>>> print(open('entry-v8.tsv').read())   # TSV, C-alpha atoms
chain	number	residue	atom	x	y	z
X	23	MET	CA	0.00	0.00	0.00
X	24	ASN	CA	1.31	3.45	-0.90
X	25	THR	CA	1.42	6.23	1.65
X	26	VAL	CA	0.61	9.85	0.89
X	27	ARG	CA	2.45	12.35	3.07
X	28	PHE	CA	1.90	16.08	3.44
X	29	ASP	CA	4.43	18.49	4.88
X	30	LEU	CA	2.19	21.23	6.25
X	31	THR	CA	5.20	23.43	7.03
X	32	LYS	CA	5.72	24.05	3.28
X	33	GLU	CA	3.40	26.01	1.02
X	34	CYS	CA	2.89	24.31	-2.34
X	35	GLY	CA	-0.02	26.20	-3.86
X	36	ASN	CA	-3.78	25.85	-3.99
X	37	PHE	CA	-5.79	22.67	-3.87
X	38	LYS	CA	-8.39	22.03	-6.54
X	39	ASN	CA	-11.92	21.43	-5.27
X	40	LEU	CA	-12.82	17.80	-5.82
X	41	ASN	CA	-16.12	17.70	-3.95
X	42	ALA	CA	-18.38	17.58	-7.00
X	43	THR	CA	-21.38	15.27	-7.33
X	44	ASN	CA	-23.35	13.37	-9.92
X	45	GLY	CA	-26.81	14.83	-9.39
X	46	GLY	CA	-27.81	17.77	-7.28
X	47	PRO	CA	-29.72	17.98	-4.03
X	48	TRP	CA	-32.88	15.97	-3.40
X	49	HIS	CA	-35.36	18.78	-3.33
X	50	LYS	CA	-38.37	20.04	-5.23
X	51	ARG	CA	-39.09	23.77	-5.38
X	52	HIS	CA	-42.61	23.39	-6.77
X	53	VAL	CA	-44.32	20.86	-4.47
X	54	TYR	CA	-44.82	20.41	-0.76
X	55	ASP	CA	-45.41	16.65	-0.74
X	56	GLN	CA	-41.73	15.69	-0.73
X	57	TYR	CA	-40.88	14.43	2.72
X	58	ARG	CA	-37.19	13.74	2.13
X	59	SER	CA	-34.77	16.50	1.24
X	60	ASN	CA	-31.06	16.96	1.67
X	61	PHE	CA	-31.07	20.54	0.42
X	62	ALA	CA	-29.76	22.20	3.63
X	63	GLU	CA	-26.95	19.66	4.04
X	64	TYR	CA	-26.10	19.77	0.34
X	65	LYS	CA	-25.93	23.56	0.36
X	66	ALA	CA	-23.81	23.53	3.52
X	67	ALA	CA	-21.30	21.22	1.78
X	68	ARG	CA	-20.62	24.04	-0.75
X	69	ILE	CA	-20.36	21.63	-3.68
X	70	PRO	CA	-19.07	23.61	-6.68
X	71	TYR	CA	-20.22	21.36	-9.53
X	72	SER	CA	-22.83	18.71	-10.23
X	73	ARG	CA	-23.06	16.51	-13.29
X	74	ASN	CA	-26.37	15.31	-14.62
X	75	HIS	CA	-24.96	12.10	-16.13
X	76	ASP	CA	-27.47	9.21	-15.82
X	77	SER	CA	-29.51	11.30	-13.39
X	78	ALA	CA	-32.79	10.28	-15.02
X	79	VAL	CA	-32.53	6.86	-13.34
X	80	HIS	CA	-33.15	8.47	-9.95
X	81	GLY	CA	-36.62	9.84	-9.32
X	82	ILE	CA	-35.56	12.48	-6.81
X	83	TYR	CA	-32.96	14.36	-8.84
X	84	GLY	CA	-34.73	15.42	-12.03
X	85	GLY	CA	-36.51	12.14	-12.47
X	86	PRO	CA	-37.20	10.07	-15.56
X	87	TYR	CA	-38.25	13.08	-17.66
X	88	SER	CA	-35.10	15.12	-17.28
X	89	HIS	CA	-31.72	15.68	-18.87
X	90	ASP	CA	-31.73	13.04	-21.61
X	91	ILE	CA	-32.13	14.09	-25.24
X	92	THR	CA	-35.18	11.83	-25.60
X	93	CYS	CA	-36.77	13.52	-22.57
X	94	ILE	CA	-36.05	17.06	-23.70
X	95	PHE	CA	-37.04	16.26	-27.29
X	96	PRO	CA	-39.55	13.42	-26.76
X	97	ASP	CA	-40.95	13.09	-30.32
X	98	PHE	CA	-38.19	12.48	-32.86
X	99	ASN	CA	-40.71	13.19	-35.64
X	100	ALA	CA	-41.28	16.73	-34.35
X	101	ASN	CA	-39.76	19.85	-35.89
X	102	PRO	CA	-36.39	20.47	-34.20
X	103	THR	CA	-36.58	24.21	-34.94
X	104	ALA	CA	-39.94	24.63	-33.15
X	105	PRO	CA	-39.65	25.57	-29.44
X	106	ALA	CA	-42.87	23.61	-28.73
X	107	SER	CA	-41.04	20.39	-29.67
X	108	TYR	CA	-38.89	20.63	-26.54
X	109	ASP	CA	-39.78	19.86	-22.92
X	110	PHE	CA	-37.26	21.44	-20.57
X	111	ALA	CA	-39.48	21.61	-17.45
X	112	CYS	CA	-37.96	18.79	-15.36
X	113	THR	CA	-34.41	19.46	-16.55
X	114	ASP	CA	-34.73	23.16	-15.77
X	115	GLU	CA	-36.15	22.40	-12.33
X	116	ALA	CA	-33.27	20.08	-11.45
X	117	ILE	CA	-30.72	22.67	-12.58
X	118	MET	CA	-32.50	25.46	-10.69
X	119	VAL	CA	-32.47	23.40	-7.48
X	120	SER	CA	-28.71	22.91	-7.88
X	121	LEU	CA	-28.21	26.62	-8.55
X	122	ASP	CA	-30.28	27.46	-5.45
X	123	ALA	CA	-27.81	25.33	-3.49
X	124	GLY	CA	-24.85	27.22	-5.00
X	125	THR	CA	-23.86	24.39	-7.35
X	126	GLU	CA	-23.15	24.84	-11.05
X	127	THR	CA	-24.23	22.09	-13.46
X	128	PHE	CA	-21.79	20.30	-15.72
X	129	PHE	CA	-24.42	19.49	-18.33
X	130	ARG	CA	-24.19	16.09	-20.02
X	131	LEU	CA	-25.94	16.12	-23.38
X	132	GLY	CA	-26.79	12.50	-24.09
X	133	GLN	CA	-28.77	9.53	-22.82
X	134	THR	CA	-28.95	7.62	-19.56
X	135	ILE	CA	-27.47	4.15	-19.78
X	136	GLU	CA	-29.95	1.34	-20.24
X	137	HIS	CA	-29.12	-2.11	-18.87
X	138	GLN	CA	-32.52	-3.59	-19.76
X	139	ILE	CA	-33.00	-6.25	-22.45
X	140	LYS	CA	-34.78	-3.69	-24.66
X	141	LYS	CA	-33.22	-0.30	-25.34
X	142	HIS	CA	-35.37	2.81	-25.74
X	143	GLY	CA	-33.18	5.92	-25.71
X	144	THR	CA	-29.70	4.52	-26.32
X	145	ILE	CA	-30.37	3.23	-29.82
X	146	PRO	CA	-28.69	5.16	-32.63
X	147	PRO	CA	-30.87	8.00	-33.93
X	148	ALA	CA	-32.72	7.34	-37.20
X	149	ASP	CA	-31.27	10.55	-38.63
X	150	PHE	CA	-27.89	11.72	-37.30
X	151	ASN	CA	-28.19	15.14	-38.95
X	152	LYS	CA	-31.53	15.76	-37.24
X	153	TRP	CA	-30.09	14.54	-33.94
X	154	ALA	CA	-27.29	17.10	-34.37
X	155	VAL	CA	-29.86	19.86	-35.02
X	156	ILE	CA	-31.73	18.83	-31.86
X	157	CYS	CA	-28.50	19.03	-29.87
X	158	GLU	CA	-27.78	22.42	-31.43
X	159	HIS	CA	-31.09	23.63	-30.00
X	160	ILE	CA	-30.68	22.07	-26.56
X	161	ILE	CA	-27.24	23.55	-25.88
X	162	PRO	CA	-28.28	27.23	-26.33
X	163	HIS	CA	-31.27	26.68	-24.07
X	164	GLN	CA	-29.08	25.29	-21.32
X	165	ILE	CA	-26.64	28.18	-21.71
X	166	HIS	CA	-29.01	31.07	-22.48
X	167	GLY	CA	-32.50	29.81	-21.69
X	168	ASN	CA	-33.85	30.81	-25.09
X	169	LEU	CA	-36.55	28.12	-25.30
X	170	SER	CA	-38.28	28.55	-21.93
X	171	ILE	CA	-38.51	30.86	-18.95
X	172	TYR	CA	-35.20	30.01	-17.25
X	173	ILE	CA	-31.87	31.60	-18.03
X	174	PHE	CA	-28.81	29.53	-17.17
X	175	THR	CA	-25.86	31.77	-17.81
X	176	GLU	CA	-24.09	29.83	-15.06
X	177	ILE	CA	-23.65	26.67	-17.17
X	178	LYS	CA	-20.08	26.86	-18.35
X	179	LYS	CA	-19.26	23.18	-18.82
X	180	ALA	CA	-20.96	20.61	-21.00
X	181	LYS	CA	-20.14	17.30	-22.62
X	182	VAL	CA	-21.79	15.54	-25.52
X	183	PHE	CA	-22.21	11.86	-24.86
X	184	HIS	CA	-24.41	9.19	-26.38
X	185	LEU	CA	-24.39	5.51	-25.44
X	186	MET	CA	-25.00	3.66	-28.67
X	187	ASN	CA	-26.36	0.15	-28.89
X	188	THR	CA	-23.15	-1.87	-29.17
X	189	TYR	CA	-24.43	-5.44	-29.23
>>> encode(input="entry-v8.tsv", output="structure tokens")
Amino acid sequence: MNTVRFDLTKECGNFKNLNATNGGPWHKRHVYDQYRSNFAEYKAARIPYSRNHDSAVHGIYGGPYSHDITCIFPDFNANPTAPASYDFACTDEAIMVSLDAGTETFFRLGQTIEHQIKKHGTIPPADFNKWAVICEHIIPHQIHGNLSIYIFTEIKKAKVFHLMNTY
């Protein structure tokens, strides 16, 4: 086993914050029927960043209708240039809860992994060009809020990720 040693008598520079999370606090701003919340503790931890990767698998943080491309743009046959084709409500709420706690979102643009026998959202898109146009419309919303009422100028980090069906 290796040993890590620190000499606290010598100054070596700043430490990088590593206390980020995958998913924000368990809290809902719009309902009063949630009996479990870790918002106060989460906020007190002063977590600088939260990723939304695979967060749709957990019902408390965002839930099954948040973050994934197929949740934000649920009908692949819809017009990708029409704002009405997008549903940002649950994604926006999850990001707003994180922002309320002082945490910035590292936005993952992609799909939640599916371990089931049948895949729903991780299959390759029927039209890659259209999928790219959809992504082009999701990213500005998450940065500027141009497709709904929320403005997220705080989102500075994003990654594009899509789990393709590999079997």
>>> atom_distance(input="entry-v8.tsv", atom1="CA of Ile117 (chain X)", atom2="CA of Thr134 (chain X)")
16.7 Å
>>> closest_residue(input="entry-v8.tsv", among="X:Pro105, X:Gly35, X:Gly143, X:Pro47", to="Pro86 (chain X)", atoms="all atoms listed in the file")
X:Gly143
>>> residues_around(input="entry-v8.tsv", residues="Ser120 (chain X)", least_positions_apart="4", cutoff="8 Å", atoms="only C-alpha atoms", output="PyMOL selection string")
chain X and resi 46-47+72+116+124-127
>>> closest_residue(input="entry-v8.tsv", among="X:Glu158, X:Ala123, X:His163, X:Ile139", to="Arg51 (chain X)", atoms="only C-alpha atoms")
X:Ala123
>>> closest_residue(input="entry-v8.tsv", among="X:Glu115, X:Asp122, X:Lys140, X:Glu33", to="Val53 (chain X)", atoms="only C-alpha atoms")
X:Glu115
>>> atom_distance(input="entry-v8.tsv", atom1="CA of Pro102 (chain X)", atom2="CA of Pro146 (chain X)")
17.2 Å
>>> closest_residue(input="entry-v8.tsv", among="X:Lys65, X:Lys50, X:Asn36, X:Gly132", to="Ile145 (chain X)", atoms="all atoms listed in the file")
X:Gly132
>>> atom_distance(input="entry-v8.tsv", atom1="CA of Cys157 (chain X)", atom2="CA of Leu40 (chain X)")
28.7 Å
>>> closest_residue(input="entry-v8.tsv", among="X:Ser77, X:Asn101, X:Val119, X:Thr92", to="Ser59 (chain X)", atoms="all atoms listed in the file")
X:Val119
